[in-house]
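Undergrad: Got a file for you: model-v1.cif, mmCIF, C-alpha atoms and all ligand atoms.
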```
data_coords
loop_
_atom_site.group_PDB
_atom_site.id
_atom_site.type_symbol
_atom_site.label_atom_id
_atom_site.label_comp_id
_atom_site.auth_asym_id
_atom_site.auth_seq_id
_atom_site.Cartn_x
_atom_site.Cartn_y
_atom_site.Cartn_z
ATOM 1 C CA MET R 1 10.467 8.114 -18.236
ATOM 2 C CA GLY R 2 14.018 6.955 -17.207
ATOM 3 C CA CYS R 3 15.961 8.629 -14.454
ATOM 4 C CA GLU R 4 19.473 7.200 -14.895
ATOM 5 C CA GLY R 5 22.097 9.773 -14.186
ATOM 6 C CA ASN R 6 19.549 12.003 -12.516
ATOM 7 C CA ASP R 7 20.763 12.983 -9.044
ATOM 8 C CA ASN R 8 17.334 13.916 -7.846
ATOM 9 C CA PRO R 9 14.966 11.239 -9.119
ATOM 10 C CA LYS R 10 11.219 11.589 -8.580
ATOM 11 C CA LEU R 11 8.458 9.039 -8.771
ATOM 12 C CA PRO R 12 6.273 9.210 -11.882
ATOM 13 C CA VAL R 13 2.918 10.933 -11.313
ATOM 14 C CA LEU R 14 -0.075 9.413 -13.130
ATOM 15 C CA ASP R 15 -3.446 11.033 -13.559
ATOM 16 C CA PHE R 16 -6.422 8.828 -12.672
ATOM 17 C CA SER R 17 -9.109 11.433 -13.124
ATOM 18 C CA ILE R 18 -12.363 10.164 -14.473
ATOM 19 C CA GLU R 19 -11.820 11.171 -18.111
ATOM 20 C CA ASN R 20 -8.701 8.968 -18.362
ATOM 21 C CA MET R 21 -10.521 5.970 -17.018
ATOM 22 C CA LYS R 22 -12.933 4.984 -19.768
ATOM 23 C CA PRO R 23 -11.769 1.564 -20.949
ATOM 24 C CA GLY R 24 -11.030 1.447 -24.667
ATOM 25 C CA THR R 25 -10.302 5.172 -25.098
ATOM 26 C CA ASN R 26 -6.880 6.430 -26.224
ATOM 27 C CA SER R 27 -6.167 7.990 -22.858
ATOM 28 C CA TRP R 28 -7.100 4.719 -21.135
ATOM 29 C CA PHE R 29 -4.556 2.808 -23.252
ATOM 30 C CA SER R 30 -1.842 5.395 -22.730
ATOM 31 C CA THR R 31 -2.450 5.373 -18.970
ATOM 32 C CA CYS R 32 -2.246 1.539 -19.003
ATOM 33 C CA LYS R 33 1.151 1.809 -20.684
ATOM 34 C CA ARG R 34 2.360 4.331 -18.132
ATOM 35 C CA VAL R 35 1.170 2.123 -15.263
ATOM 36 C CA ARG R 36 3.270 -0.754 -16.577
ATOM 37 C CA GLN R 37 6.309 1.465 -17.249
ATOM 38 C CA ALA R 38 6.160 3.010 -13.777
ATOM 39 C CA PHE R 39 5.792 -0.391 -12.088
ATOM 40 C CA GLU R 40 8.638 -1.894 -14.133
ATOM 41 C CA GLU R 41 10.963 1.039 -13.556
ATOM 42 C CA TYR R 42 10.224 2.059 -9.951
ATOM 43 C CA GLY R 43 7.829 -0.533 -8.537
ATOM 44 C CA CYS R 44 5.542 2.340 -7.615
ATOM 45 C CA PHE R 45 4.111 5.700 -8.606
ATOM 46 C CA VAL R 46 2.009 8.592 -7.337
ATOM 47 C CA ALA R 47 -1.619 8.443 -8.493
ATOM 48 C CA MET R 48 -3.622 11.638 -8.730
ATOM 49 C CA TYR R 49 -7.176 10.620 -7.950
ATOM 50 C CA ASP R 50 -9.582 13.514 -7.582
ATOM 51 C CA LYS R 51 -12.148 11.539 -5.613
ATOM 52 C CA GLY R 52 -9.744 11.863 -2.657
ATOM 53 C CA GLY R 53 -10.202 15.633 -2.645
ATOM 54 C CA ASP R 54 -13.381 15.685 -0.559
ATOM 55 C CA GLU R 55 -12.617 17.917 2.414
ATOM 56 C CA VAL R 56 -15.197 16.382 4.746
ATOM 57 C CA LEU R 57 -13.827 12.908 4.066
ATOM 58 C CA GLN R 58 -10.211 13.997 4.603
ATOM 59 C CA LYS R 59 -11.016 15.692 7.906
ATOM 60 C CA GLY R 60 -13.183 12.779 9.003
ATOM 61 C CA VAL R 61 -10.594 10.133 8.150
ATOM 62 C CA PHE R 62 -7.597 11.809 9.748
ATOM 63 C CA GLY R 63 -9.662 12.996 12.722
ATOM 64 C CA SER R 64 -10.797 9.395 13.280
ATOM 65 C CA ILE R 65 -7.254 8.042 13.057
ATOM 66 C CA LYS R 66 -6.031 10.643 15.557
ATOM 67 C CA GLU R 67 -8.864 9.738 17.928
ATOM 68 C CA LEU R 68 -7.793 6.084 17.679
ATOM 69 C CA PHE R 69 -4.099 6.629 18.309
ATOM 70 C CA ASP R 70 -4.813 9.106 21.142
ATOM 71 C CA LEU R 71 -6.335 6.218 23.138
ATOM 72 C CA PRO R 72 -4.337 4.577 25.956
ATOM 73 C CA THR R 73 -1.870 1.893 24.844
ATOM 74 C CA GLN R 74 -3.818 -0.772 26.742
ATOM 75 C CA THR R 75 -6.940 -0.035 24.702
ATOM 76 C CA LYS R 76 -5.041 -0.192 21.421
ATOM 77 C CA GLN R 77 -3.505 -3.508 22.470
ATOM 78 C CA ARG R 78 -6.949 -5.101 22.266
ATOM 79 C CA ASN R 79 -6.190 -5.428 18.560
ATOM 80 C CA ILE R 80 -3.491 -8.099 18.862
ATOM 81 C CA TYR R 81 -3.038 -11.002 16.484
ATOM 82 C CA GLU R 82 -0.173 -13.191 17.654
ATOM 83 C CA GLY R 83 2.542 -13.529 14.993
ATOM 84 C CA MET R 84 0.771 -11.269 12.508
ATOM 85 C CA PRO R 85 2.411 -7.863 12.630
ATOM 86 C CA LEU R 86 0.356 -6.590 9.693
ATOM 87 C CA LYS R 87 -2.913 -7.019 11.599
ATOM 88 C CA SER R 88 -1.777 -6.402 15.159
ATOM 89 C CA TYR R 89 -1.267 -3.256 17.115
ATOM 90 C CA VAL R 90 2.415 -2.347 16.832
ATOM 91 C CA GLY R 91 3.826 0.384 19.057
ATOM 92 C CA GLN R 92 6.379 1.251 21.710
ATOM 93 C CA HIS R 93 8.998 -0.708 19.797
ATOM 94 C CA PRO R 94 12.473 0.348 20.989
ATOM 95 C CA LYS R 95 13.920 0.302 17.455
ATOM 96 C CA ILE R 96 11.155 2.491 16.001
ATOM 97 C CA PRO R 97 9.765 4.493 18.939
ATOM 98 C CA LEU R 98 7.916 6.971 16.682
ATOM 99 C CA HIS R 99 5.865 4.253 14.993
ATOM 100 C CA GLU R 100 2.393 2.933 15.812
ATOM 101 C CA SER R 101 0.075 0.950 13.564
ATOM 102 C CA MET R 102 -3.010 -1.276 13.572
ATOM 103 C CA GLY R 103 -4.555 -3.559 11.016
ATOM 104 C CA ILE R 104 -8.206 -3.979 10.084
ATOM 105 C CA ASP R 105 -8.934 -7.364 8.547
ATOM 106 C CA GLU R 106 -11.427 -7.254 5.646
ATOM 107 C CA GLY R 107 -10.835 -3.515 5.872
ATOM 108 C CA THR R 108 -13.000 -2.536 2.906
ATOM 109 C CA THR R 109 -16.191 -4.028 4.355
ATOM 110 C CA LEU R 110 -18.558 -2.549 6.932
ATOM 111 C CA GLU R 111 -18.423 -5.823 8.902
ATOM 112 C CA GLY R 112 -14.617 -5.814 9.047
ATOM 113 C CA ILE R 113 -14.421 -2.197 10.186
ATOM 114 C CA GLN R 114 -17.252 -2.585 12.693
ATOM 115 C CA SER R 115 -15.710 -5.654 14.255
ATOM 116 C CA PHE R 116 -12.412 -3.784 14.623
ATOM 117 C CA ALA R 117 -14.210 -0.776 16.169
ATOM 118 C CA LYS R 118 -16.032 -3.026 18.661
ATOM 119 C CA LYS R 119 -12.719 -4.330 19.944
ATOM 120 C CA ILE R 120 -11.487 -0.804 20.588
ATOM 121 C CA TRP R 121 -14.762 0.862 21.625
ATOM 122 C CA PRO R 122 -17.106 -1.725 23.204
ATOM 123 C CA MET R 123 -20.106 0.489 22.296
ATOM 124 C CA GLY R 124 -18.864 0.794 18.685
ATOM 125 C CA ASN R 125 -17.982 4.045 16.936
ATOM 126 C CA ASP R 126 -20.288 4.952 14.052
ATOM 127 C CA GLN R 127 -18.356 8.037 12.962
ATOM 128 C CA PHE R 128 -15.093 6.103 12.782
ATOM 129 C CA CYS R 129 -16.717 3.290 10.779
ATOM 130 C CA LYS R 130 -18.413 5.677 8.394
ATOM 131 C CA TYR R 131 -15.280 7.632 7.463
ATOM 132 C CA ILE R 132 -12.904 4.684 7.359
ATOM 133 C CA LEU R 133 -15.332 2.676 5.206
ATOM 134 C CA GLU R 134 -15.814 5.562 2.795
ATOM 135 C CA TYR R 135 -12.054 5.960 2.455
ATOM 136 C CA ALA R 136 -11.447 2.213 2.116
ATOM 137 C CA LYS R 137 -14.015 1.932 -0.693
ATOM 138 C CA LEU R 138 -12.302 4.731 -2.569
ATOM 139 C CA ALA R 139 -8.856 3.162 -2.179
ATOM 140 C CA GLU R 140 -10.272 -0.230 -3.214
ATOM 141 C CA GLU R 141 -11.709 1.346 -6.353
ATOM 142 C CA LEU R 142 -8.311 2.824 -7.186
ATOM 143 C CA ASP R 143 -6.611 -0.524 -6.582
ATOM 144 C CA GLN R 144 -9.074 -2.354 -8.830
ATOM 145 C CA MET R 145 -8.568 0.225 -11.564
ATOM 146 C CA VAL R 146 -4.794 -0.077 -11.367
ATOM 147 C CA ALA R 147 -4.989 -3.884 -11.450
ATOM 148 C CA LYS R 148 -7.243 -3.804 -14.499
ATOM 149 C CA MET R 149 -4.870 -1.431 -16.302
ATOM 150 C CA LEU R 150 -1.840 -3.498 -15.393
ATOM 151 C CA PHE R 151 -3.405 -6.723 -16.691
ATOM 152 C CA GLU R 152 -4.476 -4.865 -19.837
ATOM 153 C CA SER R 153 -0.942 -3.584 -20.388
ATOM 154 C CA TYR R 154 0.407 -7.158 -20.442
ATOM 155 C CA GLY R 155 -2.383 -8.276 -22.769
ATOM 156 C CA LEU R 156 -3.828 -10.346 -19.913
ATOM 157 C CA LEU R 157 -7.112 -8.589 -19.254
ATOM 158 C CA GLU R 158 -8.806 -11.961 -18.793
ATOM 159 C CA HIS R 159 -6.917 -12.245 -15.473
ATOM 160 C CA TYR R 160 -8.753 -9.243 -14.094
ATOM 161 C CA GLU R 161 -12.002 -11.014 -13.356
ATOM 162 C CA ALA R 162 -10.237 -13.618 -11.253
ATOM 163 C CA TYR R 163 -8.364 -10.858 -9.443
ATOM 164 C CA GLN R 164 -11.556 -8.958 -8.760
ATOM 165 C CA GLY R 165 -13.264 -11.996 -7.317
ATOM 166 C CA SER R 166 -10.455 -13.138 -5.068
ATOM 167 C CA THR R 167 -8.954 -10.055 -3.469
ATOM 168 C CA LYS R 168 -8.864 -9.789 0.297
ATOM 169 C CA TYR R 169 -8.033 -6.368 1.625
ATOM 170 C CA LEU R 170 -6.225 -5.535 4.805
ATOM 171 C CA LEU R 171 -6.318 -1.902 5.875
ATOM 172 C CA ARG R 172 -3.573 -0.551 8.088
ATOM 173 C CA LEU R 173 -3.725 2.719 9.969
ATOM 174 C CA LEU R 174 -0.412 4.261 10.914
ATOM 175 C CA ALA R 175 0.840 7.107 13.078
ATOM 176 C CA HIS R 176 4.410 8.391 13.113
ATOM 177 C CA LYS R 177 5.221 10.955 15.776
ATOM 178 C CA ALA R 178 7.592 13.844 15.091
ATOM 179 C CA PRO R 179 11.133 13.251 16.363
ATOM 180 C CA GLU R 180 12.119 15.013 19.569
ATOM 181 C CA GLN R 181 15.502 16.062 18.227
ATOM 182 C CA VAL R 182 16.173 18.238 15.173
ATOM 183 C CA GLU R 183 17.781 15.415 13.166
ATOM 184 C CA PRO R 184 15.471 13.255 11.055
ATOM 185 C CA GLN R 185 14.659 9.940 12.723
ATOM 186 C CA LEU R 186 13.602 6.596 11.283
ATOM 187 C CA GLY R 187 9.838 6.139 11.624
ATOM 188 C CA PHE R 188 9.561 2.744 10.007
ATOM 189 C CA VAL R 189 12.323 0.380 8.894
ATOM 190 C CA ALA R 190 13.087 -0.385 5.241
ATOM 191 C CA HIS R 191 11.023 -3.287 3.905
ATOM 192 C CA THR R 192 9.050 -4.533 0.924
ATOM 193 C CA ASP R 193 5.307 -5.217 1.187
ATOM 194 C CA LYS R 194 3.932 -8.769 1.103
ATOM 195 C CA SER R 195 0.804 -7.696 -0.767
ATOM 196 C CA PHE R 196 0.019 -7.861 -4.477
ATOM 197 C CA THR R 197 -0.421 -4.085 -4.491
ATOM 198 C CA THR R 198 -0.553 -1.443 -1.758
ATOM 199 C CA ILE R 199 -2.383 1.878 -1.886
ATOM 200 C CA LEU R 200 -0.964 4.502 0.492
ATOM 201 C CA HIS R 201 -2.497 7.782 1.553
ATOM 202 C CA GLN R 202 -1.362 10.280 4.194
ATOM 203 C CA ASN R 203 -2.156 13.591 5.843
ATOM 204 C CA HIS R 204 -0.145 16.677 4.844
ATOM 205 C CA VAL R 205 3.070 15.410 6.514
ATOM 206 C CA ASN R 206 5.532 13.718 4.142
ATOM 207 C CA GLY R 207 8.057 11.092 5.275
ATOM 208 C CA LEU R 208 7.882 8.133 2.889
ATOM 209 C CA MET R 209 11.088 7.214 1.031
ATOM 210 C CA VAL R 210 11.378 4.673 -1.774
ATOM 211 C CA GLU R 211 14.599 3.062 -3.001
ATOM 212 C CA THR R 212 15.310 3.007 -6.737
ATOM 213 C CA LYS R 213 16.946 0.114 -8.571
ATOM 214 C CA ASN R 214 20.269 2.006 -8.359
ATOM 215 C CA GLY R 215 20.053 2.260 -4.608
ATOM 216 C CA LYS R 216 19.046 5.933 -4.425
ATOM 217 C CA TRP R 217 16.359 6.958 -1.919
ATOM 218 C CA ILE R 218 13.542 9.133 -3.284
ATOM 219 C CA ASP R 219 11.514 11.415 -0.981
ATOM 220 C CA VAL R 220 7.894 10.923 -1.948
ATOM 221 C CA ASP R 221 5.668 13.983 -1.832
ATOM 222 C CA PHE R 222 2.041 12.892 -1.693
ATOM 223 C CA SER R 223 0.819 15.510 0.733
ATOM 224 C CA SER R 224 -2.111 16.621 -1.441
ATOM 225 C CA PRO R 225 -5.532 15.143 -0.519
ATOM 226 C CA THR R 226 -5.825 13.894 -4.108
ATOM 227 C CA SER R 227 -2.482 12.011 -4.091
ATOM 228 C CA PHE R 228 -2.023 8.324 -3.377
ATOM 229 C CA VAL R 229 1.010 6.074 -3.714
ATOM 230 C CA VAL R 230 0.485 2.817 -5.591
ATOM 231 C CA MET R 231 3.155 0.256 -4.761
ATOM 232 C CA ALA R 232 3.979 -3.245 -5.977
ATOM 233 C CA GLY R 233 4.265 -5.893 -3.276
ATOM 234 C CA ASP R 234 6.180 -9.163 -3.332
ATOM 235 C CA ALA R 235 3.240 -11.082 -4.808
ATOM 236 C CA LEU R 236 3.111 -8.801 -7.855
ATOM 237 C CA MET R 237 6.868 -9.190 -8.244
ATOM 238 C CA ALA R 238 6.414 -12.969 -8.305
ATOM 239 C CA TRP R 239 3.318 -12.854 -10.571
ATOM 240 C CA SER R 240 5.210 -10.665 -13.056
ATOM 241 C CA ASN R 241 8.125 -13.120 -13.006
ATOM 242 C CA ASP R 242 10.454 -10.346 -11.771
ATOM 243 C CA ARG R 243 9.538 -7.826 -14.478
ATOM 244 C CA ILE R 244 8.322 -5.698 -11.591
ATOM 245 C CA GLN R 245 10.354 -5.392 -8.373
ATOM 246 C CA SER R 246 8.622 -4.644 -5.087
ATOM 247 C CA PRO R 247 10.528 -1.557 -3.941
ATOM 248 C CA ASN R 248 12.237 -1.160 -0.606
ATOM 249 C CA HIS R 249 10.686 1.719 1.324
ATOM 250 C CA LYS R 250 10.837 3.312 4.774
ATOM 251 C CA VAL R 251 9.518 6.289 6.717
ATOM 252 C CA LEU R 252 11.858 9.060 7.852
ATOM 253 C CA MET R 253 10.361 11.628 10.223
ATOM 254 C CA ASN R 254 11.248 15.309 10.264
ATOM 255 C CA GLY R 255 9.658 18.475 11.637
ATOM 256 C CA ASN R 256 7.191 18.678 14.488
ATOM 257 C CA GLU R 257 3.882 17.197 13.351
ATOM 258 C CA THR R 258 2.479 13.675 13.583
ATOM 259 C CA ARG R 259 2.156 11.885 10.279
ATOM 260 C CA TYR R 260 -0.995 9.773 9.857
ATOM 261 C CA SER R 261 -1.199 7.357 6.965
ATOM 262 C CA LEU R 262 -3.320 4.491 5.627
ATOM 263 C CA GLY R 263 -2.136 1.449 3.728
ATOM 264 C CA LEU R 264 -4.584 -0.745 1.832
ATOM 265 C CA PHE R 265 -2.926 -4.108 1.162
ATOM 266 C CA ALA R 266 -4.428 -6.351 -1.521
ATOM 267 C CA PHE R 267 -4.005 -10.088 -1.007
ATOM 268 C CA HIS R 268 -5.054 -12.860 -3.344
ATOM 269 C CA LYS R 269 -7.179 -15.580 -1.778
ATOM 270 C CA GLY R 270 -5.620 -18.789 -3.067
ATOM 271 C CA ILE R 271 -2.660 -19.641 -5.229
ATOM 272 C CA VAL R 272 -0.697 -17.083 -7.263
ATOM 273 C CA LYS R 273 0.968 -18.439 -10.368
ATOM 274 C CA VAL R 274 3.156 -16.781 -13.002
ATOM 275 C CA PRO R 275 1.052 -16.581 -16.212
ATOM 276 C CA GLN R 276 2.452 -18.682 -19.052
ATOM 277 C CA GLU R 277 2.571 -15.544 -21.216
ATOM 278 C CA LEU R 278 5.140 -13.970 -18.891
ATOM 279 C CA ILE R 279 7.601 -16.854 -19.205
ATOM 280 C CA ASP R 280 10.030 -16.795 -22.140
ATOM 281 C CA GLU R 281 13.731 -17.164 -22.911
ATOM 282 C CA GLU R 282 14.523 -13.750 -21.573
ATOM 283 C CA HIS R 283 12.349 -14.350 -18.512
ATOM 284 C CA PRO R 284 12.681 -17.983 -17.383
ATOM 285 C CA LEU R 285 10.289 -18.981 -14.591
ATOM 286 C CA GLN R 286 11.442 -17.527 -11.241
ATOM 287 C CA TYR R 287 8.684 -18.623 -8.834
ATOM 288 C CA LYS R 288 6.650 -21.716 -8.071
ATOM 289 C CA PRO R 289 2.908 -21.266 -7.472
ATOM 290 C CA PHE R 290 2.421 -20.032 -3.912
ATOM 291 C CA ASP R 291 -0.310 -19.485 -1.364
ATOM 292 C CA HIS R 292 -0.513 -15.730 -0.945
ATOM 293 C CA LEU R 293 -2.470 -15.501 2.309
ATOM 294 C CA ALA R 294 0.067 -17.789 3.985
ATOM 295 C CA LEU R 295 2.614 -15.018 3.422
ATOM 296 C CA LEU R 296 0.629 -12.912 5.879
ATOM 297 C CA ASN R 297 1.846 -15.186 8.636
ATOM 298 C CA PHE R 298 5.443 -14.303 7.920
ATOM 299 C CA THR R 299 7.179 -11.294 9.362
ATOM 300 C CA TYR R 300 8.539 -8.431 7.310
ATOM 301 C CA SER R 301 11.794 -10.324 6.871
ATOM 302 C CA ALA R 302 10.170 -13.069 4.730
ATOM 303 C CA ASN R 303 12.004 -13.407 1.453
ATOM 304 C CA MET R 304 10.127 -14.307 -1.724
ATOM 305 C CA LYS R 305 12.958 -16.348 -3.281
ATOM 306 C CA ALA R 306 13.202 -18.413 -0.079
ATOM 307 C CA TYR R 307 9.405 -18.840 0.065
ATOM 308 C CA CYS R 308 8.690 -19.912 -3.504
ATOM 309 C CA GLY R 309 11.755 -19.406 -5.712
ATOM 310 C CA VAL R 310 12.278 -22.034 -8.442
HETATM 311 O O1 LIG R 401 3.271 5.191 6.188
HETATM 312 C C1 LIG R 401 3.582 4.949 5.037
HETATM 313 O O2 LIG R 401 3.482 5.777 4.124
HETATM 314 C C2 LIG R 401 4.195 3.618 4.676
HETATM 315 C C3 LIG R 401 3.737 2.478 5.532
HETATM 316 C C4 LIG R 401 4.273 1.171 5.045
HETATM 317 O O3 LIG R 401 5.222 1.101 4.314
HETATM 318 C C5 LIG R 401 3.609 -0.097 5.464
HETATM 319 O O4 LIG R 401 2.725 -0.056 6.322
HETATM 320 O O5 LIG R 401 3.964 -1.161 4.923
HETATM 321 FE FE FE R 402 5.234 -0.866 3.362
#
```
Please, can you express the file's structure as structure tokens?
Ligand SMILES: O=C(O)CCC(=O)C(=O)O
Ligand SMILES: [Fe+2]
TA:
Amino acid sequence: MGCEGNDNPKLPVLDFSIENMKPGTNSWFSTCKRVRQAFEEYGCFVAMYDKGGDEVLQKGVFGSIKELFDLPTQTKQRNIYEGMPLKSYVGQHPKIPLHESMGIDEGTTLEGIQSFAKKIWPMGNDQFCKYILEYAKLAEELDQMVAKMLFESYGLLEHYEAYQGSTKYLLRLLAHKAPEQVEPQLGFVAHTDKSFTTILHQNHVNGLMVETKNGKWIDVDFSSPTSFVVMAGDALMAWSNDRIQSPNHKVLMNGNETRYSLGLFAFHKGIVKVPQELIDEEHPLQYKPFDHLALLNFTYSANMKAYCGV
């Protein structure tokens, strides 16, 4: 896989089509290995997942997100959670004027999406709920599959059940306007995610950049309806005892079209602890057990080593 010395590195692309996903088959095991390699080397990868290819769903999802962001600022500000930038409406920020985003708590459940929709549209919005729920379920399925494969690849499959039962998902909808000038403009500042894992999806407009371990920035092309980006967050970095680094990433806007994207952030309800099996001489313990949901209350500048470093 390695990319050292390569001036134009690309993220690994992994195929998650149905035939690779039967646990116990050879292709399942080889995909598990590639998941671990990609996470350890880049902290993220592009997943090809053919269930995303449904044209009606794509149109419905991105049409719904456009409808939401086309609303007046005052309406969008009804979704404010003080001190929680991941859940709140963020927009009109002088440092990142192209950026707008909103969070949906419990974003893979009908109740979570409906309660969000009620805040924005007092009469509700059935179409919006239907498409966003369908998308969120699909992204959740991909996340669960990736988690299972990752645990398998470390010989820790028994951790999967606990993961499955304790994940809380936050869905974030994002819009990045095209810059007014010809030069590319920052859409979203460089940061790492606070999640365990993040699943990203976008319309046909690229803009995401991910930093490699050597400090190079990779342009990520995931403009196909069947492409998703799977990214390690700070909690996975801590769980893996620094075998996996949560990558720095940002959005750089070019061209003249709005970029709509969705981020599904997986959080662990309760305490995350480095498994005993991942502590050895080469990898002495780096993190104390920590409360993952409490990280949600921190801003993007929260630093894992300061929060729970040994
Ligand atoms: O829009 C994207 O692709 C990335 C968004 C992102 O990094 C985030 O919301 O944390
Ligand atoms: Fe992010």
Undergrad: I'd like the interatomic distance between CA of His268 in chain R and CA of Ser27 in chain R, to a tenth of an Å.
TA: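 Interatomic distance here is 28.6 Å.
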Undergrad: List as a PyMOL selection string the protein and nucleic acid residues near His283 in chain R, meaning an atom at most 12 Å away when all atoms listed in the file are counted, but skip any in the same chain fewer than 5 places from it.
TA: chain R and resi 238+240-244+274-278
Undergrad: Pull C-alpha atoms from the residues just selected and write them as a PDB file, in the frame of the given file.
TA:
```pdb
ATOM      1  CA  ALA R 238       6.414 -12.969  -8.305  1.00  0.00           C
ATOM      2  CA  SER R 240       5.210 -10.665 -13.056  1.00  0.00           C
ATOM      3  CA  ASN R 241       8.125 -13.120 -13.006  1.00  0.00           C
ATOM      4  CA  ASP R 242      10.454 -10.346 -11.771  1.00  0.00           C
ATOM      5  CA  ARG R 243       9.538  -7.826 -14.478  1.00  0.00           C
ATOM      6  CA  ILE R 244       8.322  -5.698 -11.591  1.00  0.00           C
ATOM      7  CA  VAL R 274       3.156 -16.781 -13.002  1.00  0.00           C
ATOM      8  CA  PRO R 275       1.052 -16.581 -16.212  1.00  0.00           C
ATOM      9  CA  GLN R 276       2.452 -18.682 -19.052  1.00  0.00           C
ATOM     10  CA  GLU R 277       2.571 -15.544 -21.216  1.00  0.00           C
ATOM     11  CA  LEU R 278       5.140 -13.970 -18.891  1.00  0.00           C
TER      12      LEU R 278
END
```
Undergrad: Which residues sit within 7 Å of ligand FE 402 (chain R), counting all atoms listed in the file, listed as JSON, numbers by chain?
TA: {"R": [191, 192, 193, 249]}
Undergrad: Find the residues near Leu264 in chain R: any atom within 8 Å, counting all atoms listed in the file, skip ones fewer than 4 places away on the same chain, and give them as a PyMOL selection string.
TA: chain R and resi 107+136+139-140+169-172+198-200
Undergrad: Hey, which residues sit close to ligand LIG 401 (chain R)? Say within 10 Å, counting only C-alpha atoms and all ligand atoms, and write them as a PyMOL selection string.
TA: chain R and resi 86+99-103+171-176+187-195+198-203+205-210+220+222+228-229+231+233+248-252+259-265+300
Undergrad: List every residue of range 140-173 of chain R that has an atom at most 12 Å from any atom of range 34-56 of chain R, and for each one report the closest atom pair and its distance in Å to one decimal, counting all atoms listed in the file, with rows sorted by chain and then by increasing residue number, as a tab-separated table.
TA:
```
residue	atom	partner	partner_atom	distance
R:Glu141	CA	R:Lys51	CA	10.2
R:Leu142	CA	R:Tyr49	CA	7.9
R:Asp143	CA	R:Ala47	CA	10.4
R:Met145	CA	R:Val35	CA	10.6
R:Val146	CA	R:Val35	CA	7.5
R:Ala147	CA	R:Val35	CA	9.4
R:Lys148	CA	R:Val35	CA	10.3
R:Met149	CA	R:Val35	CA	7.1
R:Leu150	CA	R:Arg36	CA	5.9
R:Phe151	CA	R:Arg36	CA	9.0
R:Glu152	CA	R:Arg36	CA	9.4
R:Ser153	CA	R:Arg36	CA	6.3
R:Tyr154	CA	R:Arg36	CA	8.0
R:Gly155	CA	R:Arg36	CA	11.3
```
Undergrad: Take the PyMOL selection byres (((chain R and resi 308) around 9) and not hetatm), run it mentally on this structure, and tell me the resulting residues as a count of residues only.
TA: 13
Undergrad: Here's the selection I'm unsure about, the PyMOL selection byres (((chain R and resi 120) around 9) and not hetatm); applied to the file above, which residues does it give, as an NGL selection string?
TA: :R and (68 or 75-79 or 116-119 or 121-125)
Undergrad: So that each row is one residue of range 62-160 of chain R with an atom at most 12 Å from range 253-258 of chain R, can you give its shortest atom pair and the distance in Å to one decimal, using only C-alpha atoms, rows by chain and rising number, as a Markdown table?
TA:
```
| residue | atom | partner | partner_atom | distance |
| --- | --- | --- | --- | --- |
| R:Phe62 | CA | R:Thr258 | CA | 10.9 |
| R:Ile65 | CA | R:Thr258 | CA | 11.3 |
| R:Lys66 | CA | R:Thr258 | CA | 9.2 |
| R:Phe69 | CA | R:Thr258 | CA | 10.7 |
| R:Asp70 | CA | R:Thr258 | CA | 11.5 |
| R:Ile96 | CA | R:Met253 | CA | 10.8 |
| R:Pro97 | CA | R:Met253 | CA | 11.3 |
| R:Leu98 | CA | R:Met253 | CA | 8.3 |
| R:His99 | CA | R:Met253 | CA | 9.9 |
| R:Glu100 | CA | R:Thr258 | CA | 11.0 |
```
Undergrad: Taking all atoms listed in the file into account, name the residue in R:Val90, R:Ser115, R:Phe196, R:Glu82 that is nearest to Ser166 in chain R.
TA: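 Closest to Ser166 in chain R of all the choices is R:Phe196.
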Undergrad: Pick from R:Lys216, R:Asp291, R:Gly270, R:Asn297: nearest to Pro9 in chain R, with all atoms listed in the file counted?
TA: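 Counting all atoms listed in the file, the residue closest to Pro9 in chain R is R:Lys216.
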Undergrad: Return the single residue from R:Val272, R:Cys129, R:Leu14, R:Ile80 that is closest to His159 in chain R, with distances computed using all atoms listed in the file.
TA: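 Closest to His159 in chain R of all the choices is R:Val272.
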Undergrad: One decimal, Å: what's the distance from CA of Leu293 in chain R over to CA of Glu161 in chain R, could you say?
TA: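 Going from CA of Leu293 in chain R over to CA of Glu161 in chain R, I get 18.9 Å.
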Undergrad: Using Å and a single decimal, report how far CA of Ser246 in chain R sits from CA of Leu296 in chain R.
TA: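 Computing the Euclidean distance for CA of Leu296 in chain R and CA of Ser246 in chain R yields 15.9 Å.
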